[in-house]
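Structure file run-v6.cif (mmCIF, C-alpha atoms and all ligand atoms) follows.
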```cif
data_upload
loop_
_atom_site.label_atom_id
_atom_site.label_comp_id
_atom_site.auth_asym_id
_atom_site.auth_seq_id
_atom_site.Cartn_x
_atom_site.Cartn_y
_atom_site.Cartn_z
CA MET A 15 -14.98 -97.72 108.16
CA THR A 16 -15.45 -93.97 108.10
CA THR A 17 -16.23 -92.11 111.29
CA ALA A 18 -18.31 -88.97 111.49
CA PRO A 19 -16.17 -85.85 111.98
CA GLU A 20 -16.14 -84.62 115.58
CA THR A 21 -17.62 -81.27 114.80
CA THR A 22 -19.17 -79.68 117.83
CA PRO A 23 -17.54 -78.96 121.19
CA ARG A 24 -20.32 -80.99 122.79
CA GLU A 25 -19.41 -84.08 120.76
CA ARG A 26 -15.70 -83.61 121.36
CA ALA A 27 -16.19 -83.20 125.10
CA ALA A 28 -18.45 -86.28 125.39
CA ARG A 29 -16.09 -88.41 123.32
CA GLY A 30 -13.09 -87.08 125.25
CA LEU A 31 -14.68 -88.13 128.52
CA LEU A 32 -15.29 -91.62 127.18
CA ARG A 33 -11.80 -91.95 125.72
CA ALA A 34 -9.90 -90.57 128.71
CA PHE A 35 -11.93 -91.97 131.60
CA GLY A 36 -14.01 -94.73 130.02
CA ILE A 37 -17.27 -93.16 131.16
CA GLU A 38 -20.34 -91.66 129.49
CA ALA A 39 -21.19 -88.03 130.25
CA GLN A 40 -23.82 -87.80 132.93
CA ARG A 41 -24.19 -84.04 132.70
CA VAL A 42 -23.14 -81.55 130.00
CA ALA A 43 -22.84 -77.81 130.59
CA ARG A 44 -21.93 -74.91 128.34
CA ALA A 45 -21.05 -71.26 128.58
CA PRO A 46 -20.63 -68.77 125.75
CA ALA A 47 -17.82 -66.37 124.97
CA ARG A 48 -18.62 -62.65 124.87
CA VAL A 49 -17.83 -59.59 122.86
CA ASN A 50 -18.09 -56.13 124.36
CA LEU A 51 -19.87 -53.67 122.07
CA ILE A 52 -18.91 -50.58 124.06
CA GLY A 53 -17.77 -49.58 127.57
CA GLU A 54 -14.20 -50.77 128.03
CA HIS A 55 -12.47 -51.01 131.44
CA THR A 56 -15.60 -49.41 132.92
CA ASP A 57 -16.49 -52.56 134.88
CA TYR A 58 -13.96 -52.21 137.69
CA ASN A 59 -14.88 -48.51 137.88
CA GLU A 60 -18.46 -49.58 138.64
CA GLY A 61 -19.77 -47.96 135.46
CA PHE A 62 -21.77 -49.33 132.53
CA ALA A 63 -20.70 -51.78 129.82
CA MET A 64 -22.59 -53.21 126.89
CA PRO A 65 -21.56 -56.73 125.89
CA CYS A 66 -23.32 -59.59 124.22
CA ALA A 67 -22.68 -63.30 124.62
CA ILE A 68 -21.74 -64.90 121.29
CA ASP A 69 -22.29 -68.28 119.72
CA ARG A 70 -18.83 -69.62 120.54
CA ASP A 71 -18.91 -72.00 123.48
CA THR A 72 -16.93 -73.87 126.07
CA VAL A 73 -18.56 -77.22 126.87
CA VAL A 74 -17.87 -79.46 129.87
CA ALA A 75 -18.96 -83.10 129.80
CA ALA A 76 -19.04 -84.45 133.34
CA ALA A 77 -19.47 -87.59 135.40
CA PRO A 78 -19.28 -87.97 139.19
CA ARG A 79 -16.63 -89.96 141.07
CA ALA A 80 -17.31 -91.72 144.35
CA ASP A 81 -14.30 -90.07 146.04
CA ASP A 82 -13.06 -86.47 146.26
CA ILE A 83 -10.73 -86.45 143.25
CA VAL A 84 -11.35 -84.22 140.24
CA GLU A 85 -9.83 -85.39 136.97
CA VAL A 86 -9.87 -83.02 134.04
CA LEU A 87 -9.19 -83.46 130.33
CA ALA A 88 -8.60 -80.41 128.11
CA CYS A 89 -9.57 -81.84 124.73
CA ASP A 90 -8.30 -78.84 122.77
CA LEU A 91 -4.96 -78.45 124.54
CA GLY A 92 -3.29 -81.58 123.24
CA GLU A 93 -5.49 -83.65 125.55
CA SER A 94 -3.68 -82.20 128.59
CA ARG A 95 -4.84 -83.62 131.89
CA GLY A 96 -5.12 -82.37 135.44
CA ARG A 97 -5.96 -84.06 138.72
CA PHE A 98 -6.51 -82.68 142.21
CA ARG A 99 -8.44 -83.35 145.41
CA VAL A 100 -11.46 -81.14 146.03
CA GLY A 101 -9.95 -80.11 149.38
CA ASP A 102 -6.64 -79.15 147.70
CA ALA A 103 -8.19 -77.14 144.85
CA ALA A 104 -6.88 -73.85 146.26
CA ASP A 105 -3.27 -74.95 145.79
CA VAL A 106 -2.58 -73.91 142.20
CA SER A 107 1.17 -73.42 142.62
CA ASN A 108 2.13 -76.27 140.29
CA SER A 109 -0.85 -76.09 137.94
CA PRO A 110 -0.86 -74.91 134.32
CA GLN A 111 -2.91 -71.77 133.71
CA TRP A 112 -5.93 -73.55 132.16
CA LEU A 113 -6.29 -75.84 135.20
CA ARG A 114 -6.19 -72.88 137.60
CA TYR A 115 -9.58 -71.72 136.29
CA VAL A 116 -11.05 -75.17 137.04
CA GLN A 117 -9.40 -75.43 140.46
CA GLY A 118 -10.39 -71.82 141.17
CA MET A 119 -14.07 -72.55 140.55
CA VAL A 120 -13.97 -75.63 142.77
CA ALA A 121 -12.14 -73.72 145.53
CA VAL A 122 -14.44 -70.68 145.40
CA LEU A 123 -17.70 -72.65 145.30
CA LYS A 124 -16.55 -75.00 148.04
CA ALA A 125 -15.56 -72.04 150.21
CA GLN A 126 -19.16 -70.86 149.87
CA GLY A 127 -20.24 -74.07 151.56
CA LEU A 128 -21.61 -75.75 148.45
CA PRO A 129 -21.16 -79.53 148.40
CA ILE A 130 -18.72 -80.63 145.72
CA GLY A 131 -17.75 -84.26 145.17
CA GLY A 132 -15.11 -85.82 142.97
CA ALA A 133 -15.69 -85.65 139.22
CA GLN A 134 -14.36 -86.43 135.79
CA LEU A 135 -14.57 -83.48 133.44
CA ALA A 136 -13.76 -83.16 129.74
CA ILE A 137 -13.56 -79.66 128.29
CA ALA A 138 -13.85 -78.69 124.63
CA GLY A 139 -14.70 -75.42 122.95
CA ASN A 140 -14.65 -73.22 119.87
CA VAL A 141 -13.79 -69.90 121.50
CA PRO A 142 -10.73 -68.34 119.82
CA GLN A 143 -8.01 -68.37 122.50
CA GLY A 144 -6.11 -65.23 123.46
CA ALA A 145 -8.30 -63.05 121.25
CA GLY A 146 -10.02 -61.12 124.04
CA LEU A 147 -13.34 -62.97 123.72
CA SER A 148 -13.35 -64.22 127.33
CA SER A 149 -12.31 -67.79 126.79
CA SER A 150 -11.40 -67.85 130.49
CA ALA A 151 -14.76 -66.58 131.78
CA SER A 152 -16.48 -69.01 129.42
CA LEU A 153 -14.43 -71.85 130.95
CA GLU A 154 -15.15 -70.71 134.51
CA LEU A 155 -18.89 -70.50 133.93
CA ALA A 156 -19.07 -73.83 132.08
CA VAL A 157 -17.19 -75.54 134.92
CA GLY A 158 -19.46 -73.84 137.48
CA GLN A 159 -22.56 -75.06 135.66
CA ALA A 160 -21.17 -78.60 135.40
CA LEU A 161 -20.41 -78.67 139.15
CA SER A 162 -23.88 -77.35 139.90
CA ALA A 163 -25.52 -80.04 137.76
CA LEU A 164 -23.38 -82.87 139.14
CA ASN A 165 -23.80 -81.91 142.78
CA GLY A 166 -27.46 -80.98 142.72
CA TRP A 167 -27.48 -77.30 143.74
CA GLN A 168 -28.10 -74.07 141.87
CA LEU A 169 -26.78 -70.53 142.11
CA PRO A 170 -28.37 -67.38 140.70
CA PRO A 171 -26.49 -66.27 137.54
CA ALA A 172 -24.96 -63.19 139.22
CA ALA A 173 -23.61 -65.34 142.07
CA MET A 174 -22.06 -67.73 139.54
CA ALA A 175 -20.55 -64.78 137.67
CA LEU A 176 -19.04 -63.40 140.89
CA ALA A 177 -17.63 -66.85 141.70
CA GLY A 178 -15.97 -66.88 138.26
CA GLN A 179 -14.52 -63.42 138.80
CA ARG A 180 -13.16 -64.48 142.20
CA ALA A 181 -11.63 -67.63 140.72
CA GLU A 182 -9.86 -65.48 138.16
CA ASN A 183 -8.76 -62.79 140.66
CA VAL A 184 -7.50 -65.17 143.33
CA TYR A 185 -6.39 -68.30 141.50
CA ALA A 186 -5.51 -67.16 137.96
CA GLY A 187 -3.81 -63.90 138.95
CA CYS A 188 -5.83 -61.38 136.90
CA ARG A 189 -7.50 -58.41 138.64
CA CYS A 190 -10.35 -58.42 136.09
CA GLY A 191 -13.72 -56.80 136.69
CA VAL A 192 -16.99 -58.68 136.35
CA LEU A 193 -17.87 -57.81 132.74
CA ASP A 194 -16.82 -61.09 131.19
CA GLN A 195 -18.44 -63.42 133.69
CA MET A 196 -21.69 -61.41 133.76
CA SER A 197 -21.86 -61.49 129.95
CA CYS A 198 -21.36 -65.25 129.85
CA ALA A 199 -23.91 -65.80 132.62
CA PHE A 200 -26.68 -63.49 131.38
CA GLY A 201 -26.48 -63.64 127.56
CA VAL A 202 -29.82 -63.46 125.73
CA ALA A 203 -30.13 -64.62 122.11
CA GLY A 204 -30.42 -61.68 119.73
CA HIS A 205 -29.74 -59.13 122.47
CA ALA A 206 -26.97 -56.96 123.82
CA LEU A 207 -26.86 -56.41 127.58
CA LEU A 208 -26.73 -53.01 129.21
CA LEU A 209 -24.78 -54.01 132.29
CA ASP A 210 -24.61 -51.83 135.38
CA CYS A 211 -21.36 -53.01 136.94
CA ARG A 212 -22.27 -51.52 140.32
CA SER A 213 -25.75 -52.91 140.91
CA LEU A 214 -25.19 -55.89 138.55
CA ASP A 215 -28.50 -55.02 136.94
CA VAL A 216 -28.72 -56.39 133.40
CA GLN A 217 -31.03 -54.94 130.77
CA PRO A 218 -31.25 -56.99 127.55
CA ILE A 219 -31.72 -54.81 124.47
CA ALA A 220 -32.59 -56.32 121.09
CA LEU A 221 -30.02 -55.78 118.37
CA PRO A 222 -31.73 -53.98 115.49
CA ALA A 223 -33.00 -56.43 112.86
CA GLY A 224 -30.54 -56.99 110.05
CA THR A 225 -27.49 -55.95 112.10
CA ALA A 226 -24.44 -58.18 111.69
CA VAL A 227 -22.09 -58.71 114.64
CA LEU A 228 -18.61 -59.03 113.15
CA VAL A 229 -15.71 -60.02 115.37
CA ILE A 230 -12.42 -59.52 113.55
CA ASP A 231 -9.47 -61.23 115.18
CA SER A 232 -6.35 -59.14 114.49
CA LYS A 233 -4.09 -62.09 115.41
CA ILE A 234 -2.07 -59.71 117.54
CA GLN A 235 -1.32 -61.51 120.77
CA ARG A 236 -2.26 -59.45 123.79
CA GLY A 237 1.29 -59.40 125.14
CA LEU A 238 1.25 -56.57 127.68
CA VAL A 239 -2.24 -57.24 128.82
CA ASP A 240 -1.63 -58.33 132.41
CA SER A 241 0.84 -55.66 133.48
CA GLU A 242 -0.84 -52.84 131.55
CA TYR A 243 -4.31 -53.93 132.67
CA ASN A 244 -3.30 -53.79 136.31
CA LEU A 245 -1.58 -50.43 135.74
CA ARG A 246 -4.77 -48.98 134.22
CA ARG A 247 -6.67 -50.14 137.29
CA GLN A 248 -4.20 -48.38 139.57
CA GLN A 249 -4.47 -45.19 137.52
CA CYS A 250 -8.27 -45.30 137.68
CA GLU A 251 -8.11 -45.84 141.44
CA ALA A 252 -5.71 -42.87 141.71
CA ALA A 253 -8.15 -40.72 139.72
CA ALA A 254 -11.08 -41.71 141.94
CA ALA A 255 -9.02 -40.98 145.07
CA GLY A 256 -7.91 -37.62 143.62
CA LEU A 257 -11.53 -36.70 142.96
CA GLY A 258 -12.63 -37.90 146.40
CA VAL A 259 -15.08 -40.54 145.16
CA LYS A 260 -15.39 -44.27 145.77
CA ALA A 261 -15.22 -45.12 142.06
CA LEU A 262 -15.12 -43.18 138.78
CA ARG A 263 -18.80 -44.08 138.41
CA ASP A 264 -19.47 -41.39 141.00
CA VAL A 265 -17.93 -38.50 139.06
CA SER A 266 -20.68 -36.07 138.08
CA ASP A 267 -20.29 -33.55 135.25
CA SER A 268 -19.99 -30.75 137.79
CA LEU A 269 -17.35 -32.56 139.87
CA TRP A 270 -15.38 -33.24 136.71
CA SER A 271 -15.49 -29.65 135.52
CA ARG A 272 -14.51 -28.34 138.97
CA CYS A 273 -11.79 -30.86 139.86
CA GLY A 274 -10.80 -32.90 136.79
CA GLY A 275 -8.22 -30.32 135.73
CA ALA A 276 -6.28 -30.77 138.98
CA LEU A 277 -5.45 -34.42 138.22
CA ASP A 278 -2.09 -35.46 136.84
CA GLY A 279 -2.26 -35.47 132.99
CA VAL A 280 -2.09 -39.23 132.44
CA VAL A 281 -4.48 -39.99 135.28
CA ARG A 282 -6.87 -37.31 133.98
CA ARG A 283 -6.96 -38.89 130.53
CA ARG A 284 -7.54 -42.35 132.00
CA ALA A 285 -10.49 -40.99 133.98
CA ARG A 286 -11.87 -39.12 130.97
CA HIS A 287 -12.00 -42.37 129.00
CA ILE A 288 -13.84 -44.22 131.76
CA ILE A 289 -16.36 -41.46 132.41
CA SER A 290 -17.09 -40.87 128.72
CA ASP A 291 -17.20 -44.56 127.75
CA SER A 292 -19.62 -45.35 130.55
CA GLN A 293 -21.86 -42.50 129.35
CA ARG A 294 -21.59 -43.82 125.79
CA CYS A 295 -23.05 -47.14 126.98
CA GLU A 296 -26.27 -45.45 128.06
CA LEU A 297 -26.42 -43.50 124.79
CA MET A 298 -25.74 -46.71 122.88
CA ALA A 299 -28.61 -48.46 124.65
CA ALA A 300 -30.98 -45.64 123.71
CA ALA A 301 -29.76 -45.65 120.10
CA MET A 302 -30.14 -49.42 119.90
CA GLN A 303 -33.69 -49.24 121.19
CA ARG A 304 -34.45 -46.74 118.40
CA GLY A 305 -32.71 -49.01 115.86
CA ASP A 306 -30.37 -46.11 115.06
CA LEU A 307 -27.32 -47.84 113.59
CA ARG A 308 -25.80 -44.50 112.54
CA GLU A 309 -25.67 -43.23 116.12
CA MET A 310 -24.47 -46.62 117.37
CA GLY A 311 -21.63 -46.43 114.86
CA ARG A 312 -20.72 -42.88 115.87
CA LEU A 313 -20.50 -43.93 119.52
CA MET A 314 -18.33 -46.92 118.64
CA ARG A 315 -15.91 -44.72 116.69
CA GLU A 316 -15.68 -42.26 119.57
CA SER A 317 -15.07 -45.13 121.95
CA HIS A 318 -12.18 -46.35 119.83
CA TRP A 319 -10.58 -42.91 119.74
CA SER A 320 -10.99 -42.62 123.49
CA MET A 321 -9.25 -45.97 124.01
CA ARG A 322 -6.51 -44.89 121.61
CA ASP A 323 -5.87 -41.36 122.87
CA ASP A 324 -6.97 -41.29 126.51
CA PHE A 325 -6.72 -44.85 127.80
CA GLU A 326 -3.87 -45.83 125.45
CA ILE A 327 -4.75 -49.51 125.17
CA THR A 328 -4.80 -49.85 121.39
CA VAL A 329 -1.81 -50.60 119.16
CA PRO A 330 -1.21 -49.09 115.69
CA ALA A 331 -2.19 -52.22 113.73
CA ILE A 332 -5.51 -52.43 115.63
CA ASP A 333 -6.12 -48.73 114.97
CA ALA A 334 -5.54 -49.39 111.28
CA LEU A 335 -7.82 -52.44 111.28
CA ALA A 336 -10.65 -50.55 113.00
CA ALA A 337 -10.27 -47.66 110.54
CA LEU A 338 -10.25 -50.04 107.58
CA VAL A 339 -13.47 -51.73 108.70
CA GLN A 340 -15.02 -48.36 109.52
CA ASP A 341 -14.25 -47.14 105.99
CA VAL A 342 -16.10 -50.10 104.49
CA VAL A 343 -19.06 -49.75 106.82
CA GLY A 344 -19.30 -45.98 106.32
CA ASP A 345 -21.68 -43.99 108.50
CA VAL A 346 -24.13 -46.83 109.00
CA GLY A 347 -22.47 -48.91 111.69
CA GLY A 348 -19.18 -48.73 113.50
CA ALA A 349 -15.97 -50.50 114.45
CA ARG A 350 -13.79 -50.39 117.54
CA MET A 351 -11.31 -52.52 119.41
CA THR A 352 -13.01 -54.69 122.01
CA GLY A 353 -11.74 -56.16 125.28
CA GLY A 354 -8.80 -55.46 127.54
CA GLY A 355 -6.58 -54.08 124.78
CA PHE A 356 -3.06 -54.39 123.32
CA GLY A 357 -4.29 -56.72 120.59
CA GLY A 358 -7.23 -59.07 120.23
CA CYS A 359 -10.32 -58.25 118.21
CA VAL A 360 -12.18 -55.43 116.53
CA ILE A 361 -15.97 -55.54 116.91
CA ALA A 362 -18.08 -54.10 114.10
CA LEU A 363 -21.83 -53.66 113.91
CA ALA A 364 -22.97 -53.24 110.32
CA PRO A 365 -25.85 -54.01 107.98
CA GLN A 366 -25.84 -57.66 106.88
CA ASP A 367 -25.12 -56.66 103.29
CA ALA A 368 -21.78 -55.10 104.31
CA VAL A 369 -20.37 -58.41 105.61
CA GLU A 370 -18.78 -59.64 102.39
CA ASP A 371 -17.25 -56.22 101.67
CA VAL A 372 -15.69 -56.21 105.15
CA ARG A 373 -14.32 -59.71 104.59
CA ALA A 374 -12.83 -58.71 101.23
CA ALA A 375 -11.26 -55.48 102.50
CA VAL A 376 -9.74 -57.18 105.55
CA ALA A 377 -8.36 -60.05 103.44
CA THR A 378 -6.79 -57.63 100.96
CA SER A 379 -5.54 -54.82 103.12
CA TYR A 380 -4.80 -56.11 106.63
CA ARG A 381 -1.78 -58.00 107.92
CA SER A 382 -0.65 -58.15 111.54
CA PRO A 383 2.87 -56.89 112.30
CA ASP A 384 4.13 -60.48 111.93
CA GLY A 385 2.37 -60.93 108.59
CA ARG A 386 -0.78 -62.82 109.64
CA LYS A 387 -4.23 -62.37 108.12
CA ALA A 388 -7.14 -61.42 110.33
CA GLU A 389 -9.97 -63.88 110.87
CA VAL A 390 -13.52 -62.57 110.48
CA HIS A 391 -16.15 -64.26 112.67
CA VAL A 392 -19.78 -63.47 111.93
CA CYS A 393 -21.39 -64.04 115.33
CA ALA A 394 -24.89 -64.26 116.70
CA ALA A 395 -25.78 -62.85 120.11
CA SER A 396 -26.41 -65.97 122.16
CA GLY A 397 -27.96 -67.24 125.39
CA GLY A 398 -26.06 -67.46 128.67
CA ALA A 399 -24.40 -70.35 130.48
CA GLY A 400 -26.47 -73.38 131.36
CA VAL A 401 -26.86 -77.13 131.49
CA LEU A 402 -27.44 -78.92 128.19
CA ALA A 403 -28.14 -82.38 129.54
C1 LIG A 501 -10.93 -57.82 130.32
C2 LIG A 501 -11.38 -57.95 131.77
F1 LIG A 501 -11.40 -59.26 132.15
C3 LIG A 501 -12.75 -57.33 131.99
O1 LIG A 501 -13.07 -57.36 133.37
C4 LIG A 501 -12.82 -55.91 131.45
O2 LIG A 501 -12.17 -55.00 132.30
C5 LIG A 501 -12.25 -55.85 130.02
O3 LIG A 501 -10.97 -56.45 129.93
C6 LIG A 501 -12.13 -54.44 129.51
O4 LIG A 501 -13.38 -53.86 129.35
O5 LIG A 501 -11.75 -58.59 129.49
#
```
Translate this structure into structure tokens?
Amino acid sequence: MTTAPETTPRERAARGLLRAFGIEAQRVARAPARVNLIGEHTDYNEGFAMPCAIDRDTVVAAAPRADDIVEVLACDLGESRGRFRVGDAADVSNSPQWLRYVQGMVAVLKAQGLPIGGAQLAIAGNVPQGAGLSSSASLELAVGQALSALNGWQLPPAAMALAGQRAENVYAGCRCGVLDQMSCAFGVAGHALLLDCRSLDVQPIALPAGTAVLVIDSKIQRGLVDSEYNLRRQQCEAAAAGLGVKALRDVSDSLWSRCGGALDGVVRRRARHIISDSQRCELMAAAMQRGDLREMGRLMRESHWSMRDDFEITVPAIDALAALVQDVVGDVGGARMTGGGFGGCVIALAPQDAVEDVRAAVATSYRSPDGRKAEVHVCAASGGAGVLA
């Protein structure tokens, strides 16, 4: 007998639940990954960012238990399992990293007074791991949606995003901002999101017709990301303190020209990246509304140079990959590193008819420092997290 291939995350999660726990899924939830088009590290400086959710998902198939035990199956991690009591979710000391996101969501939502009973959860996805596409935020939001569906309550998307951020900050040990979770929560098909990371206002903006969203995975593992990420945050906080403002969002042009020069050189460059990249987000939104792919490309190039020279979060092979893609795309469209930095992906926006040329150039001319080929994902801007069944 031949069996149908288990293609989609939804099928894998549902079958995993049945195989591991002998139960049919009662609820199924999903959350997308995200790619940031422009505005990097601006989120924790309360500035603007411009992500879109992409059509790569984490899916959670779920069934309730009569007690307070949560059992979890990670279908894509060698069928690893986890098990904890709802009341003990906050104790992550002996848990593998992937389970901390699940426990973190349970702990954070329960601490908000939301009823959460025992559950069996099976998780499957097609988000490239460790590539800077927010596989963790996607997991947090999918788990949050599954818990909401199982337990019969709802949270506004921004509240769910903040719960995900808190789970990551407190239980997974990363001082991330809210960009990733907001992108996964608010995604709109065919649209980028102009995200105000202070007010949490989200303005969907249609991607110009015929624009391809190319996510090129450099296959460079983001090794230094935790320590360097936290160091960048400290430097940004030092810059804001030096300029006498709450966050770099509050630095006006006149304050910068009067006082920016007094900052220590490294701190000054860090601040210059944040201030300029946040401004580029607003310019990008205007260019996108006009359908001006040339201007969008110019802003993306500038953003990459700013990350390379001022924020110093790129690595030489990523610089080379972005330049290679930019050469193929020419003036119409742009390429830049996306995400926290030190590896991960390059995002390119380009006319659809440039896609095969980009693929060919990357296949021929790019290798990571350890000899690996890049992987080119042609993505569609997708809808945000929700319940499928
Ligand atoms: C990571 C973080 F999780 C985000 O909060 C954001 O700071 C991003 O890096 C950089 O823009 O994805």
Determine, for each residue of chain A having at least one atom at most 9 Å from an atom of ligand LIG 501 (chain A), the closest pair of atoms and their separation in Å to one decimal, counting only C-alpha atoms and all ligand atoms; order by chain and ascending number, as CSV.
```
residue,atom,partner,partner_atom,distance
A:Asn50,CA,A:LIG501,O4,7.2
A:Ile52,CA,A:LIG501,O4,8.3
A:Gly53,CA,A:LIG501,O4,6.4
A:Glu54,CA,A:LIG501,O4,3.5
A:His55,CA,A:LIG501,O4,3.6
A:Thr56,CA,A:LIG501,O4,6.1
A:Asp57,CA,A:LIG501,O2,5.6
A:Tyr58,CA,A:LIG501,O2,6.3
A:Asn59,CA,A:LIG501,O2,9.0
A:Ala63,CA,A:LIG501,O4,7.6
A:Gly146,CA,A:LIG501,O5,6.3
A:Leu147,CA,A:LIG501,O5,7.4
A:Ser148,CA,A:LIG501,O5,6.2
A:Ser150,CA,A:LIG501,F1,8.7
A:Ala151,CA,A:LIG501,F1,8.1
A:Gln179,CA,A:LIG501,O1,8.3
A:Glu182,CA,A:LIG501,F1,8.8
A:Cys188,CA,A:LIG501,F1,7.6
A:Arg189,CA,A:LIG501,F1,7.6
A:Cys190,CA,A:LIG501,O1,4.0
A:Gly191,CA,A:LIG501,O1,3.4
A:Val192,CA,A:LIG501,O1,5.1
A:Leu193,CA,A:LIG501,O1,4.9
A:Asp194,CA,A:LIG501,C3,5.6
A:Gln195,CA,A:LIG501,O1,8.1
A:Val239,CA,A:LIG501,O3,8.8
A:Tyr243,CA,A:LIG501,O3,7.6
A:Arg247,CA,A:LIG501,O2,8.9
A:Thr352,CA,A:LIG501,O4,7.4
A:Gly353,CA,A:LIG501,C6,4.6
A:Gly354,CA,A:LIG501,O3,3.4
A:Gly355,CA,A:LIG501,O3,7.2
```
Task: Between atom CA of A:Ala349 and atom CA of A:Ala375, distance in Å (one decimal) - done: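 Taking atom CA of A:Ala349 as the start and atom CA of A:Ala375 as the end point, the length is 13.8 Å.
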TODO: Figure out the distance between atom CA of A:Ala156 and atom CA of A:Asp215, please, to one decimal in Å.
DONE: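 Distance between the two atoms: 21.6 Å.
Atom CA of A:Asp71 is positioned 23.3 Å from atom CA of A:Gly224.
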Task: Distance query A:Cys66 at most 8 Å, all atoms listed in the file, self and fewer than 2 positions along chain excluded, as a list in words - done: Arg48, Val49, Asn50, Leu51, Met64, Ile68, Ser197, Gly201, Val202, His205, Ala206, Leu207, Ala395 and Ser396 of chain A
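Nearest residue to A:Asn165, choosing from A:Ala80, A:Cys89, A:Val329, A:Leu257 and counting only C-alpha atoms: A:Ala80.
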Open item on the list: I want to know what sits within 7 Å of stretch 27-37 of chain A, based on all atoms listed in the file, with residues of the same chain fewer than 3 positions away left out; could you give that as a list in words?
Closed with: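 Once the adjacent positions are removed, what remains is Pro23, Arg24, Val73, Val74, Ala75, Cys89, Leu135, Ala136, Ile137 and Ala138 of chain A.
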Considering only C-alpha atoms, tabulate each residue of stretch 177-294 of chain A that lies at most 9 Å from stretch 331-343 of chain A along with its nearest interatomic pair and the corresponding distance in Å to one decimal; arrange the rows by chain and ascending residue number and present them as a tab-separated table.
```
residue	atom	partner	partner_atom	distance
A:Ile230	CA	A:Leu335	CA	8.7
A:Ser232	CA	A:Ile332	CA	6.9
A:Ile234	CA	A:Ile332	CA	8.3
```
Open item on the list: I need the residue nearest A:Gly348 from this list: A:Asp240, A:Glu370, A:Glu251, A:Glu309. Use all atoms listed in the file for the distance.
Closed with: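 Ranked by minimum distance to A:Gly348, first place goes to A:Glu309.
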Find the axis-aligned box for stretch 30-45 of chain A, covering all its listed atoms and adding 5 Å on each side, and write its centre and edge lengths in Å to one decimal as lines of an AutoDock Vina configuration file.
```
center_x = -17.0
center_y = -83.0
center_z = 129.1
size_x = 24.3
size_y = 33.5
size_z = 17.7
```
TODO: Find the residue from A:Gln134, A:Ser107, A:Gln366, A:Gln303 that sits nearest to A:Ala226; use all atoms listed in the file when measuring.
DONE: A:Gln366
Task: Nearest-residue call for A:Ser162, choices A:Val372, A:Ala377, A:Cys211, A:Met119, using all atoms listed in the file - done: A:Met119
Open item on the list: Could you check the closest approach to A:Arg70 for each of A:Gly358, A:Gln143, A:Gly258, A:Met321 and tell me which residue wins, using only C-alpha atoms?
Closed with: A:Gln143
TODO: Find the residue from A:Val157, A:Cys393, A:Ala45, A:Val401 that sits nearest to A:Cys198; use all atoms listed in the file when measuring.
DONE: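 With all atoms listed in the file as the atom set, the closest residue is A:Ala45.
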Task: Surrounding residues of A:Lys233 excluding itself and chain neighbours under 6 positions, 9 Å, all atoms listed in the file, as a VMD selection string - done: chain A and resid 144 to 145 357 to 359 381 to 382 386 to 389
